[in-house]
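Text of protein-v4.pdb (PDB, C-alpha atoms) as supplied:
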MODEL        1
ATOM      1  CA  MET Q  23       0.000   0.000   0.000  1.00  0.00           C
ATOM      2  CA  LEU Q  24       2.743   2.434   0.916  1.00  0.00           C
ATOM      3  CA  GLY Q  25       4.859   1.506  -2.076  1.00  0.00           C
ATOM      4  CA  ARG Q  26       1.984   2.268  -4.433  1.00  0.00           C
ATOM      5  CA  GLU Q  27       1.785   5.736  -2.855  1.00  0.00           C
ATOM      6  CA  ARG Q  28       5.546   6.178  -3.332  1.00  0.00           C
ATOM      7  CA  ILE Q  29       6.181   6.285   0.411  1.00  0.00           C
ATOM      8  CA  ARG Q  30       9.548   4.736   1.157  1.00  0.00           C
ATOM      9  CA  PHE Q  31       9.917   2.520   4.192  1.00  0.00           C
ATOM     10  CA  TRP Q  32      12.263  -0.161   5.474  1.00  0.00           C
ATOM     11  CA  LEU Q  33      11.626  -3.225   7.591  1.00  0.00           C
ATOM     12  CA  ARG Q  34      13.251  -3.468  10.998  1.00  0.00           C
ATOM     13  CA  GLY Q  35      13.089  -5.984  13.795  1.00  0.00           C
ATOM     14  CA  GLY Q  36      12.137  -9.611  13.314  1.00  0.00           C
ATOM     15  CA  TRP Q  37      10.805  -9.338   9.764  1.00  0.00           C
ATOM     16  CA  ALA Q  38      13.996  -7.585   8.652  1.00  0.00           C
ATOM     17  CA  VAL Q  39      16.010 -10.485  10.082  1.00  0.00           C
ATOM     18  CA  ASP Q  40      13.787 -12.985   8.259  1.00  0.00           C
ATOM     19  CA  PHE Q  41      14.116 -11.150   4.945  1.00  0.00           C
ATOM     20  CA  HIS Q  42      17.904 -11.236   5.296  1.00  0.00           C
ATOM     21  CA  ALA Q  43      17.766 -14.926   6.271  1.00  0.00           C
ATOM     22  CA  GLY Q  44      15.521 -15.679   3.296  1.00  0.00           C
ATOM     23  CA  ARG Q  45      12.992 -17.544   5.421  1.00  0.00           C
ATOM     24  CA  VAL Q  46      10.534 -17.063   8.257  1.00  0.00           C
ATOM     25  CA  THR Q  47      12.425 -18.000  11.422  1.00  0.00           C
ATOM     26  CA  ARG Q  48       9.636 -17.528  13.971  1.00  0.00           C
ATOM     27  CA  GLU Q  49       6.100 -16.278  14.521  1.00  0.00           C
ATOM     28  CA  HIS Q  50       5.750 -12.510  14.459  1.00  0.00           C
ATOM     29  CA  ALA Q  51       3.367 -10.484  16.615  1.00  0.00           C
ATOM     30  CA  ASP Q  52       3.755  -7.292  14.573  1.00  0.00           C
ATOM     31  CA  ILE Q  53       5.517  -5.599  11.706  1.00  0.00           C
ATOM     32  CA  ASP Q  54       8.207  -3.046  12.543  1.00  0.00           C
ATOM     33  CA  ALA Q  55       9.274  -0.511   9.942  1.00  0.00           C
ATOM     34  CA  VAL Q  56      11.146   2.775   9.554  1.00  0.00           C
ATOM     35  CA  THR Q  57      10.039   5.697   7.398  1.00  0.00           C
ATOM     36  CA  TRP Q  58      10.682   9.389   6.978  1.00  0.00           C
ATOM     37  CA  ARG Q  59       8.946  11.570   9.539  1.00  0.00           C
ATOM     38  CA  ARG Q  60       7.739  13.924   6.795  1.00  0.00           C
ATOM     39  CA  HIS Q  61       5.438  11.126   5.515  1.00  0.00           C
ATOM     40  CA  ARG Q  62       3.583  10.756   8.816  1.00  0.00           C
ATOM     41  CA  ARG Q  63       0.267  12.310   7.786  1.00  0.00           C
ATOM     42  CA  ARG Q  64       0.276  10.627   4.359  1.00  0.00           C
ATOM     43  CA  ILE Q  65       0.913   7.208   5.908  1.00  0.00           C
ATOM     44  CA  VAL Q  66      -1.939   7.613   8.371  1.00  0.00           C
ATOM     45  CA  ASN Q  67      -4.294   8.796   5.607  1.00  0.00           C
ATOM     46  CA  VAL Q  68      -3.366   5.943   3.253  1.00  0.00           C
ATOM     47  CA  LEU Q  69      -3.695   3.253   5.894  1.00  0.00           C
ATOM     48  CA  LEU Q  70      -6.896   4.594   7.469  1.00  0.00           C
ATOM     49  CA  THR Q  71      -8.611   4.484   4.071  1.00  0.00           C
ATOM     50  CA  ARG Q  72      -7.544   0.847   3.766  1.00  0.00           C
ATOM     51  CA  GLY Q  73      -9.018  -0.416   6.999  1.00  0.00           C
ATOM     52  CA  PHE Q  74      -6.319   0.336   9.553  1.00  0.00           C
ATOM     53  CA  ASP Q  75      -7.008   1.994  12.889  1.00  0.00           C
ATOM     54  CA  GLU Q  76      -4.486   4.357  14.444  1.00  0.00           C
ATOM     55  CA  LEU Q  77      -3.594   3.312  17.986  1.00  0.00           C
ATOM     56  CA  VAL Q  78      -2.189   5.430  20.785  1.00  0.00           C
ATOM     57  CA  SER Q  79       1.580   5.390  20.392  1.00  0.00           C
ATOM     58  CA  PRO Q  80       3.842   5.169  23.438  1.00  0.00           C
ATOM     59  CA  ASN Q  81       6.082   7.687  21.628  1.00  0.00           C
ATOM     60  CA  PRO Q  82       3.755   9.812  19.457  1.00  0.00           C
ATOM     61  CA  ASP Q  83       6.503  12.143  18.204  1.00  0.00           C
ATOM     62  CA  THR Q  84       8.633   9.327  16.840  1.00  0.00           C
ATOM     63  CA  GLN Q  85       6.373   6.323  16.267  1.00  0.00           C
ATOM     64  CA  LEU Q  86       3.107   5.496  14.525  1.00  0.00           C
ATOM     65  CA  VAL Q  87       1.163   2.439  15.613  1.00  0.00           C
ATOM     66  CA  LEU Q  88      -1.641   1.154  13.416  1.00  0.00           C
ATOM     67  CA  ARG Q  89      -3.632  -2.060  13.316  1.00  0.00           C
ATOM     68  CA  ARG Q  90      -5.808  -3.852  10.804  1.00  0.00           C
ATOM     69  CA  HIS Q  91      -7.620  -6.910  12.101  1.00  0.00           C
ATOM     70  CA  SER Q  92      -5.039  -8.474  14.428  1.00  0.00           C
ATOM     71  CA  GLU Q  93      -1.947  -7.223  12.562  1.00  0.00           C
ATOM     72  CA  GLU Q  94      -0.093  -4.361  14.217  1.00  0.00           C
ATOM     73  CA  LEU Q  95       2.280  -2.069  12.333  1.00  0.00           C
ATOM     74  CA  SER Q  96       4.805   0.060  14.205  1.00  0.00           C
ATOM     75  CA  MET Q  97       6.466   2.786  12.123  1.00  0.00           C
ATOM     76  CA  LEU Q  98       9.573   4.446  13.558  1.00  0.00           C
ATOM     77  CA  LEU Q  99       9.821   8.009  12.215  1.00  0.00           C
ATOM     78  CA  VAL Q 100      13.260   9.292  11.243  1.00  0.00           C
ATOM     79  CA  GLU Q 101      14.720  12.428   9.686  1.00  0.00           C
ATOM     80  CA  ARG Q 102      18.017  13.700   8.375  1.00  0.00           C
ATOM     81  CA  ARG Q 103      20.221  15.841  10.579  1.00  0.00           C
ATOM     82  CA  GLY Q 104      23.201  16.820   8.462  1.00  0.00           C
ATOM     83  CA  ALA Q 105      24.736  13.590   7.200  1.00  0.00           C
ATOM     84  CA  ASP Q 106      22.986  11.508   9.884  1.00  0.00           C
ATOM     85  CA  VAL Q 107      19.620   9.746   9.947  1.00  0.00           C
ATOM     86  CA  VAL Q 108      18.154   9.991  13.436  1.00  0.00           C
ATOM     87  CA  VAL Q 109      15.054   9.482  15.492  1.00  0.00           C
ATOM     88  CA  PRO Q 110      14.180  13.003  16.715  1.00  0.00           C
ATOM     89  CA  GLY Q 111      15.164  13.303  20.348  1.00  0.00           C
ATOM     90  CA  LEU Q 112      17.668  10.453  20.059  1.00  0.00           C
ATOM     91  CA  GLU Q 113      20.266  12.263  17.962  1.00  0.00           C
ATOM     92  CA  ARG Q 114      23.067  10.796  20.106  1.00  0.00           C
ATOM     93  CA  TRP Q 115      22.360   7.444  18.463  1.00  0.00           C
ATOM     94  CA  PRO Q 116      22.231   8.017  14.689  1.00  0.00           C
ATOM     95  CA  PHE Q 117      21.624   5.124  12.341  1.00  0.00           C
ATOM     96  CA  PRO Q 118      24.917   3.707  11.064  1.00  0.00           C
ATOM     97  CA  GLN Q 119      25.968   5.074   7.672  1.00  0.00           C
ATOM     98  CA  GLY Q 120      24.395   2.918   4.957  1.00  0.00           C
ATOM     99  CA  ALA Q 121      21.829   1.363   7.289  1.00  0.00           C
TER     100      ALA Q 121
ENDMDL
END
How does the structure come out when it is put into structure tokens?
Amino acid sequence: MLGRERIRFWLRGGWAVDFHAGRVTREHADIDAVTWRRHRRRIVNVLLTRGFDELVSPNPDTQLVLRRHSEELSMLLVERRGADVVVPGLERWPFPQGA
């Protein structure tokens, strides 16, 4: 859904490990992803029109949490700060170059 809207995102967490392994290694309770913070409103709009509900996020400035049926999607929101990609408020821990 996001790809069709030209919203870039990347898997993180367990599904990212499984994609690198080339197989499903365990059951997953949710889908974790990373996207650009500037896409926040667009992501919510796209997913709400496709049957997702927005849940209360434990970190509303840096994370979206949405659910459709029993599938939960957690989107970590990042932005560029100079040459670094960071989660706002956690600039001390930038993503590694090339991550």
For this structure, which residues satisfy the selection - the PyMOL selection byres ((chain Q and resi 65) around 12) - when it is evaluated on the file as given? I want them as a PyMOL selection string. chain Q and resi 23-31+56-64+66-72+74-76+85-88+95-99
If we count all atoms listed in the file and set the cut-off at 7 Å, which residues sit around Val109 of chain Q, ignoring sequence neighbours fewer than 3 positions away in its own chain? Please answer as a JSON list (two decimals) with C-alpha atoms, in the coordinates of the input.
[["chain", "number", "residue", "atom", "x", "y", "z"],
["Q", 84, "THR", "CA", 8.63, 9.33, 16.84],
["Q", 99, "LEU", "CA", 9.82, 8.01, 12.22],
["Q", 100, "VAL", "CA", 13.26, 9.29, 11.24],
["Q", 101, "GLU", "CA", 14.72, 12.43, 9.69],
["Q", 112, "LEU", "CA", 17.67, 10.45, 20.06],
["Q", 113, "GLU", "CA", 20.27, 12.26, 17.96]]
For atom CA of Phe41 of chain Q and atom CA of Arg102 of chain Q, determine how far apart the two atoms are, in Å to one decimal place. 25.4 Å
So that I can check the surroundings of His50 of chain Q, please list as a PDB file with C-alpha atoms, in the coordinates of the input every protein, DNA and RNA residue that reaches within 9 Å of it, counting all atoms listed in the file and ignoring chain neighbours fewer than 3 positions away.
ATOM      1  CA  GLY Q  36      12.137  -9.611  13.314  1.00  0.00           C
ATOM      2  CA  TRP Q  37      10.805  -9.338   9.764  1.00  0.00           C
ATOM      3  CA  ILE Q  53       5.517  -5.599  11.706  1.00  0.00           C
TER       4      ILE Q  53
END
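Among the candidates Q:Pro110, Q:Val78, Q:Asp52, Q:Gly104, the one nearest to Ser92 of chain Q when counting all atoms listed in the file is Q:Asp52.
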Please report the interatomic distance between atom CA of Pro80 of chain Q and atom CA of Glu94 of chain Q in Å with one decimal.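 It comes out at 13.8 Å.
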Your completed segment 78-99 of chain Q with N, CA and C atoms, as a tab-separated table (two decimals), in the coordinates of the input:
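result-v3.tsv, written as the output of this step:
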chain	number	residue	atom	x	y	z
Q	78	VAL	N	-2.97	4.49	19.99
Q	78	VAL	CA	-2.19	5.43	20.78
Q	78	VAL	C	-0.75	4.92	20.82
Q	79	SER	N	0.17	5.76	20.42
Q	79	SER	CA	1.58	5.39	20.39
Q	79	SER	C	2.22	5.71	21.73
Q	80	PRO	N	3.12	4.84	22.21
Q	80	PRO	CA	3.84	5.17	23.44
Q	80	PRO	C	4.81	6.33	23.23
Q	81	ASN	N	5.16	6.60	21.97
Q	81	ASN	CA	6.08	7.69	21.63
Q	81	ASN	C	5.51	8.43	20.42
Q	82	PRO	N	4.47	9.23	20.59
Q	82	PRO	CA	3.76	9.81	19.46
Q	82	PRO	C	4.59	10.71	18.56
Q	83	ASP	N	5.67	11.29	19.05
Q	83	ASP	CA	6.50	12.14	18.20
Q	83	ASP	C	7.41	11.35	17.27
Q	84	THR	N	7.66	10.10	17.61
Q	84	THR	CA	8.63	9.33	16.84
Q	84	THR	C	8.12	7.98	16.34
Q	85	GLN	N	6.87	7.65	16.63
Q	85	GLN	CA	6.37	6.32	16.27
Q	85	GLN	C	4.88	6.37	15.96
Q	86	LEU	N	4.52	5.74	14.84
Q	86	LEU	CA	3.11	5.50	14.52
Q	86	LEU	C	2.80	4.05	14.86
Q	87	VAL	N	1.61	3.81	15.38
Q	87	VAL	CA	1.16	2.44	15.61
Q	87	VAL	C	-0.22	2.32	15.01
Q	88	LEU	N	-0.37	1.37	14.09
Q	88	LEU	CA	-1.64	1.15	13.42
Q	88	LEU	C	-1.96	-0.34	13.44
Q	89	ARG	N	-3.24	-0.65	13.31
Q	89	ARG	CA	-3.63	-2.06	13.32
Q	89	ARG	C	-4.77	-2.27	12.33
Q	90	ARG	N	-4.70	-3.41	11.64
Q	90	ARG	CA	-5.81	-3.85	10.80
Q	90	ARG	C	-6.05	-5.30	11.17
Q	91	HIS	N	-7.27	-5.59	11.57
Q	91	HIS	CA	-7.62	-6.91	12.10
Q	91	HIS	C	-6.70	-7.17	13.29
Q	92	SER	N	-5.92	-8.21	13.29
Q	92	SER	CA	-5.04	-8.47	14.43
Q	92	SER	C	-3.59	-8.13	14.13
Q	93	GLU	N	-3.32	-7.55	12.96
Q	93	GLU	CA	-1.95	-7.22	12.56
Q	93	GLU	C	-1.59	-5.80	12.98
Q	94	GLU	N	-0.54	-5.67	13.77
Q	94	GLU	CA	-0.09	-4.36	14.22
Q	94	GLU	C	1.14	-3.92	13.44
Q	95	LEU	N	1.17	-2.67	13.06
Q	95	LEU	CA	2.28	-2.07	12.33
Q	95	LEU	C	2.84	-0.93	13.17
Q	96	SER	N	4.13	-0.99	13.46
Q	96	SER	CA	4.80	0.06	14.20
Q	96	SER	C	5.80	0.73	13.27
Q	97	MET	N	5.61	2.04	13.04
Q	97	MET	CA	6.47	2.79	12.12
Q	97	MET	C	7.33	3.76	12.92
Q	98	LEU	N	8.63	3.53	12.93
Q	98	LEU	CA	9.57	4.45	13.56
Q	98	LEU	C	9.81	5.60	12.59
Q	99	LEU	N	9.72	6.82	13.06
Q	99	LEU	CA	9.82	8.01	12.22
Q	99	LEU	C	11.20	8.64	12.35
